[in-house]
Amino acid sequence: MFPTEPAAINNGFGSLLKNRGFMLLWIGQLVSQLADKVFFVLMIALLEVYPPPPGIAQNSMYSTLMVAFTIPAILFGSAGGILVDRLPKKLIMVGSDVVRGLLTLCLPLLPREFLILLMLAFAISSVTQFFAPAEQAAIPLIVRRENLLAANALFSSTMMGALIVGFAIGEPILSWAKSWMGETYGQELVVGGLYILSAVIMQPINFTEHKPLKDENSQTHPWSEFTESIRYLKKNRLVLNAMLQLTTLYCVFAALTVLAIQLAEDFGLKEKQFGFFLAAAGVGMVVGAGILGHWGEKFHHKPLPLIGFLLIALVLGVFTFTHNLALALGLCAILGIGAALIGVPMQTVIQQQTPPNMHGKVFGFQNHAVNIALSVPLAITGPLTDALGLRAVMMTMSVVVVVVGFWAWKNTRRVLQDVI
């Protein structure tokens with residue numbers, strides 16, 4: 001379907017479109033991402049037909065389900081990365097899609113008990129922790145080094161696009177499935193089918209992987225591999241700093257997820273319409289990633305992450321003075337562009353600077369660290385907003401983002417200018 005990547009250097013999206021392996025990986029992850037979002041919508045919808053256990057209110061069921069999705073990311077983030085370095089990456093990606101698809105298809109066959117639903121959500125979320133680091137580790141094996149920026153830009157834009165579109169079309173797709181395929185198994189068949197389709201798409205991918213020595217496989221303990229990734233990050237300040245910047249970025253977005261609910265009320269929207277602000281930021285990320293992917297060469301030697309942090313800080317500060325909804329949505333889009341200027345180059349730096357035998361461990365640790373860090377702003381943003389007020393919290397975040405941006409750029413500006 002796609003020709004192989006040409007030997008000549010051809011930066012930008014044009015070269016990626018000619019890379020058969022990358023296109024299969026990209027389309028496969030896009031379908032898998034959509035399946036993840038629609039599956040989450042399915043879990044929420046199923047709570048309406050699952051009777052609550054004794055002593056648990058309906059709202060508590062929603063919270064408990066969220067916890068079941070979140071805990072695996074904290075428990076198995078690094079473990080997934082260690083497994084990625086031990087097994088073929090394509091096997092992990094295709095296998096995790098097949099397992100998630102089969103588990104989803106089992107839903108109609110299981111008793112309608114809330115505990116079983118929680119166990120299934122926990123299992124599928126656990127399998128996802130192995131897919132993510134394998135996917136990140138596969139990109140530098142398929143794409144030439146000079147095209148990594150464009151590849152990460154495309155992955156970032158479609159990942160955010162899947163987040164926006166997946167939640168938007170989740171309910172209509174599930175409603176259509178119920179009416180055309182039956183209420184008993186229609187929804188589960190569609191979601192499970194998406195996971196299986198993703199596996200089928202990625203099955204033809206071929207790439208050469210780093211093969212660890214037999215002694216390395218037999219004698220290395222998983223805990224030793226985990227500590228090895230920490231030692232590597234301590235030695236490689238560039239990769240560590242890039243990971244810290246990514247973690248800071250995700251923390252800001254986690255806090256904004258909570259703040260967006262209050263912002264919706266302040267701008268005259270219903271609380272459940274808070275997604276408008278997140279969608280606008282997502283559109284900005286898609287635009288920013290597209291600019292970097294297509295014209296990335298022109299931004300060489302530019303302080304992209306510093307510019308991104310300053311844009312985010314500016315938006316957070318201006319937000320405290322605006323009361324116009326259209327302007328607020330525009331500011332969210334600018335914030336998304338700033339996020340792309342941080343996320344895309346920093347993910348590219350990590351891929352470029354990490355040796356193949358460390359890909360899984362480093363990306364697994366990154367996934368683990370980000371998920372743990374996300375829980376902090378989610379836990380404290382609400383109480384801080386109640387105590388200090390929305391505007392004070394946003395101004396404080398603006399100052400923190402500026403400080404982190406300058407600190408990160410000061411520490412790595414010399415080496416970053418050579419790789420982005």
# chains A, B, ... in the order shown; residues from 1 in each chain; ligands from 1

call {"tool": "select_by_dssp", "arguments": {"residues": "range 173-411 of chain A", "states": "alpha helix (DSSP H)", "output": "PyMOL selection string"}}
result
chain A and resi 173-181+186-202+214-219+222-235+237-266+275-295+304-319+325-353+359-388+390-411

call {"tool": "closest_atom_pairs", "arguments": {"of": "range 329-399 of chain A", "to": "range 250-256 of chain A", "cutoff": "10 Å", "atoms": "only C-alpha atoms", "output": "JSON lines"}}
result
{"residue": "A:Leu335", "atom": "CA", "partner": "A:Phe253", "partner_atom": "CA", "distance": 9.9}
{"residue": "A:Gly336", "atom": "CA", "partner": "A:Phe253", "partner_atom": "CA", "distance": 9.7}
{"residue": "A:Ala339", "atom": "CA", "partner": "A:Phe253", "partner_atom": "CA", "distance": 9.1}
{"residue": "A:Gly343", "atom": "CA", "partner": "A:Tyr250", "partner_atom": "CA", "distance": 9.2}
{"residue": "A:Val370", "atom": "CA", "partner": "A:Tyr250", "partner_atom": "CA", "distance": 7.0}
{"residue": "A:Asn371", "atom": "CA", "partner": "A:Tyr250", "partner_atom": "CA", "distance": 8.8}
{"residue": "A:Ile372", "atom": "CA", "partner": "A:Cys251", "partner_atom": "CA", "distance": 9.8}
{"residue": "A:Ala373", "atom": "CA", "partner": "A:Cys251", "partner_atom": "CA", "distance": 6.4}
{"residue": "A:Leu374", "atom": "CA", "partner": "A:Cys251", "partner_atom": "CA", "distance": 5.3}
{"residue": "A:Ser375", "atom": "CA", "partner": "A:Ala254", "partner_atom": "CA", "distance": 8.0}
{"residue": "A:Val376", "atom": "CA", "partner": "A:Cys251", "partner_atom": "CA", "distance": 7.9}
{"residue": "A:Pro377", "atom": "CA", "partner": "A:Ala255", "partner_atom": "CA", "distance": 5.1}
{"residue": "A:Leu378", "atom": "CA", "partner": "A:Ala255", "partner_atom": "CA", "distance": 5.9}
{"residue": "A:Ala379", "atom": "CA", "partner": "A:Ala255", "partner_atom": "CA", "distance": 8.9}
{"residue": "A:Ile380", "atom": "CA", "partner": "A:Ala255", "partner_atom": "CA", "distance": 8.5}
{"residue": "A:Thr381", "atom": "CA", "partner": "A:Ala255", "partner_atom": "CA", "distance": 5.9}
{"residue": "A:Gly382", "atom": "CA", "partner": "A:Ala255", "partner_atom": "CA", "distance": 8.6}
{"residue": "A:Val393", "atom": "CA", "partner": "A:Ala255", "partner_atom": "CA", "distance": 9.8}
{"residue": "A:Met394", "atom": "CA", "partner": "A:Leu256", "partner_atom": "CA", "distance": 9.0}
{"residue": "A:Met397", "atom": "CA", "partner": "A:Val252", "partner_atom": "CA", "distance": 7.9}
{"residue": "A:Ser398", "atom": "CA", "partner": "A:Val252", "partner_atom": "CA", "distance": 9.7}

call {"tool": "write_last_selection", "arguments": {"atoms": "N, CA and C atoms", "output": "mmCIF file, in the first residue's frame"}}
result
data_model
loop_
_atom_site.group_PDB
_atom_site.id
_atom_site.type_symbol
_atom_site.label_atom_id
_atom_site.label_comp_id
_atom_site.auth_asym_id
_atom_site.auth_seq_id
_atom_site.Cartn_x
_atom_site.Cartn_y
_atom_site.Cartn_z
ATOM 1 N N LEU A 335 -2.556 28.331 23.779
ATOM 2 C CA LEU A 335 -1.944 27.463 24.793
ATOM 3 C C LEU A 335 -1.590 26.113 24.190
ATOM 4 N N GLY A 336 -2.470 25.589 23.341
ATOM 5 C CA GLY A 336 -2.192 24.313 22.686
ATOM 6 C C GLY A 336 -0.978 24.388 21.774
ATOM 7 N N ALA A 339 1.984 24.227 23.895
ATOM 8 C CA ALA A 339 2.206 22.855 24.356
ATOM 9 C C ALA A 339 2.902 22.016 23.291
ATOM 10 N N GLY A 343 6.122 19.723 23.741
ATOM 11 C CA GLY A 343 5.960 18.277 23.674
ATOM 12 C C GLY A 343 6.658 17.612 22.507
ATOM 13 N N VAL A 370 5.068 10.392 34.304
ATOM 14 C CA VAL A 370 4.003 11.308 33.885
ATOM 15 C C VAL A 370 2.687 10.966 34.574
ATOM 16 N N ASN A 371 2.359 9.677 34.636
ATOM 17 C CA ASN A 371 1.082 9.281 35.246
ATOM 18 C C ASN A 371 1.052 9.561 36.740
ATOM 19 N N ILE A 372 2.182 9.376 37.419
ATOM 20 C CA ILE A 372 2.225 9.716 38.843
ATOM 21 C C ILE A 372 2.100 11.226 39.030
ATOM 22 N N ALA A 373 2.823 11.987 38.178
ATOM 23 C CA ALA A 373 2.775 13.444 38.295
ATOM 24 C C ALA A 373 1.384 13.987 38.007
ATOM 25 N N LEU A 374 0.658 13.341 37.110
ATOM 26 C CA LEU A 374 -0.687 13.814 36.778
ATOM 27 C C LEU A 374 -1.631 13.761 37.974
ATOM 28 N N SER A 375 -1.399 12.797 38.862
ATOM 29 C CA SER A 375 -2.306 12.628 39.996
ATOM 30 C C SER A 375 -2.206 13.781 40.990
ATOM 31 N N VAL A 376 -1.031 14.443 41.040
ATOM 32 C CA VAL A 376 -0.850 15.533 42.007
ATOM 33 C C VAL A 376 -1.725 16.738 41.685
ATOM 34 N N PRO A 377 -1.634 17.317 40.465
ATOM 35 C CA PRO A 377 -2.508 18.457 40.180
ATOM 36 C C PRO A 377 -3.988 18.096 40.189
ATOM 37 N N LEU A 378 -4.317 16.877 39.788
ATOM 38 C CA LEU A 378 -5.723 16.468 39.843
ATOM 39 C C LEU A 378 -6.245 16.462 41.275
ATOM 40 N N ALA A 379 -5.349 16.135 42.227
ATOM 41 C CA ALA A 379 -5.767 16.044 43.623
ATOM 42 C C ALA A 379 -5.817 17.400 44.313
ATOM 43 N N ILE A 380 -4.887 18.313 43.986
ATOM 44 C CA ILE A 380 -4.774 19.555 44.763
ATOM 45 C C ILE A 380 -5.389 20.773 44.081
ATOM 46 N N THR A 381 -5.626 20.716 42.765
ATOM 47 C CA THR A 381 -6.130 21.904 42.070
ATOM 48 C C THR A 381 -7.505 22.310 42.577
ATOM 49 N N GLY A 382 -8.386 21.324 42.758
ATOM 50 C CA GLY A 382 -9.735 21.636 43.244
ATOM 51 C C GLY A 382 -9.736 22.305 44.607
ATOM 52 N N VAL A 393 -5.181 30.979 41.484
ATOM 53 C CA VAL A 393 -4.537 29.723 41.101
ATOM 54 C C VAL A 393 -3.935 29.823 39.705
ATOM 55 N N MET A 394 -4.654 30.442 38.776
ATOM 56 C CA MET A 394 -4.158 30.550 37.408
ATOM 57 C C MET A 394 -2.952 31.487 37.321
ATOM 58 N N MET A 397 -0.017 29.535 38.635
ATOM 59 C CA MET A 397 0.434 28.591 37.617
ATOM 60 C C MET A 397 1.246 29.303 36.543
ATOM 61 N N SER A 398 0.816 30.509 36.171
ATOM 62 C CA SER A 398 1.535 31.278 35.151
ATOM 63 C C SER A 398 2.964 31.559 35.592
#

call {"tool": "atom_distance", "arguments": {"atom1": "CA of Ile312 in chain A", "atom2": "CA of Val401 in chain A"}}
result
7.4 Å

call {"tool": "closest_residue", "arguments": {"among": "A:Leu325, A:Val49, A:Val362, A:Leu388", "to": "Phe267 in chain A", "atoms": "only C-alpha atoms"}}
result
A:Leu325

call {"tool": "residues_around", "arguments": {"residues": "range 26-35 of chain A", "least_positions_apart": "5", "cutoff": "10 Å", "atoms": "only C-alpha atoms", "output": "PyMOL selection string"}}
result
chain A and resi 16+20-21+40-41+93-94+97+100-101+128+131-132+135+139+151+154-155+158-167+169-170+190-203

call {"tool": "residues_around", "arguments": {"residues": "Leu107 in chain A", "least_positions_apart": "6", "cutoff": "12 Å", "atoms": "only C-alpha atoms", "output": "NGL selection string"}}
result
:A and (39 or 42-43 or 46 or 100-101 or 113-114 or 116-121 or 124 or 184-189 or 191-192)

call {"tool": "atom_distance", "arguments": {"atom1": "CA of Ser126 in chain A", "atom2": "CA of His368 in chain A"}}
result
12.1 Å

call {"tool": "atom_distance", "arguments": {"atom1": "CA of Met23 in chain A", "atom2": "CA of Ile205 in chain A"}}
result
9.3 Å

call {"tool": "closest_residue", "arguments": {"among": "A:Gln245, A:Ser179, A:Asn324, A:Ser125", "to": "Val404 in chain A", "atoms": "only C-alpha atoms"}}
result
A:Gln245

call {"tool": "residues_around", "arguments": {"residues": "Trp407 in chain A", "least_positions_apart": "6", "cutoff": "12 Å", "atoms": "only C-alpha atoms", "output": "list of chain:residue names"}}
result
A:Asn241, A:Ala242, A:Leu244, A:Gln245, A:Pro305, A:Leu306, A:Phe309, A:Val400, A:Val401, A:Arg413

call {"tool": "write_last_selection", "arguments": {"atoms": "all heavy atoms", "output": "compact mmCIF listing (two decimals), in the first residue's frame"}}
result
# COMPACT_ATOMS: atom_id res chain seq x y z
N ASN A 241 16.17 16.31 31.50
CA ASN A 241 15.55 17.62 31.44
C ASN A 241 14.37 17.62 30.47
O ASN A 241 13.33 18.23 30.75
CB ASN A 241 16.58 18.67 31.01
CG ASN A 241 16.08 20.08 31.20
OD1 ASN A 241 15.40 20.62 30.33
ND2 ASN A 241 16.40 20.68 32.34
N ALA A 242 14.54 16.93 29.34
CA ALA A 242 13.43 16.83 28.39
C ALA A 242 12.23 16.13 29.03
O ALA A 242 11.08 16.54 28.86
CB ALA A 242 13.87 16.08 27.14
N LEU A 244 11.54 16.06 32.26
CA LEU A 244 10.98 16.96 33.27
C LEU A 244 10.07 18.00 32.61
O LEU A 244 9.01 18.35 33.15
CB LEU A 244 12.10 17.64 34.05
CG LEU A 244 12.89 16.77 35.02
CD1 LEU A 244 14.06 17.55 35.61
CD2 LEU A 244 11.98 16.25 36.14
N GLN A 245 10.48 18.49 31.44
CA GLN A 245 9.65 19.47 30.74
C GLN A 245 8.34 18.85 30.27
O GLN A 245 7.28 19.47 30.37
CB GLN A 245 10.43 20.06 29.56
CG GLN A 245 11.60 20.94 30.00
CD GLN A 245 12.30 21.59 28.84
OE1 GLN A 245 11.71 22.36 28.09
NE2 GLN A 245 13.58 21.28 28.67
N PRO A 305 11.08 25.04 23.27
CA PRO A 305 10.41 24.80 24.56
C PRO A 305 10.25 26.05 25.40
O PRO A 305 9.22 26.22 26.06
CB PRO A 305 11.30 23.75 25.24
CG PRO A 305 12.59 23.80 24.52
CD PRO A 305 12.30 24.24 23.14
N LEU A 306 11.24 26.94 25.38
CA LEU A 306 11.12 28.19 26.13
C LEU A 306 9.97 29.03 25.59
O LEU A 306 9.16 29.57 26.36
CB LEU A 306 12.43 28.98 26.07
CG LEU A 306 12.41 30.36 26.73
CD1 LEU A 306 12.09 30.24 28.22
CD2 LEU A 306 13.74 31.08 26.53
N PHE A 309 6.69 27.46 26.81
CA PHE A 309 6.37 27.76 28.21
C PHE A 309 5.90 29.21 28.37
O PHE A 309 4.99 29.49 29.14
CB PHE A 309 7.58 27.49 29.09
CG PHE A 309 7.75 26.05 29.49
CD1 PHE A 309 8.88 25.33 29.10
CD2 PHE A 309 6.78 25.41 30.25
CE1 PHE A 309 9.04 24.01 29.47
CE2 PHE A 309 6.93 24.08 30.62
CZ PHE A 309 8.06 23.38 30.21
N VAL A 400 4.74 29.90 37.88
CA VAL A 400 5.47 28.63 37.97
C VAL A 400 5.94 28.18 36.58
O VAL A 400 7.08 27.73 36.40
CB VAL A 400 4.60 27.55 38.63
CG1 VAL A 400 5.27 26.18 38.52
CG2 VAL A 400 4.34 27.89 40.09
N VAL A 401 5.07 28.31 35.58
CA VAL A 401 5.42 27.89 34.22
C VAL A 401 6.58 28.72 33.68
O VAL A 401 7.49 28.19 33.03
CB VAL A 401 4.18 27.99 33.30
CG1 VAL A 401 4.58 27.84 31.84
CG2 VAL A 401 3.15 26.93 33.67
N ARG A 413 20.22 24.71 27.10
CA ARG A 413 20.15 25.47 25.84
C ARG A 413 21.32 25.14 24.90
O ARG A 413 21.14 25.12 23.68
CB ARG A 413 20.10 26.96 26.11
CG ARG A 413 21.32 27.56 26.76
CD ARG A 413 21.11 29.07 26.96
NE ARG A 413 22.29 29.70 27.54
CZ ARG A 413 22.53 29.82 28.82
NH1 ARG A 413 21.65 29.29 29.69
NH2 ARG A 413 23.61 30.40 29.29
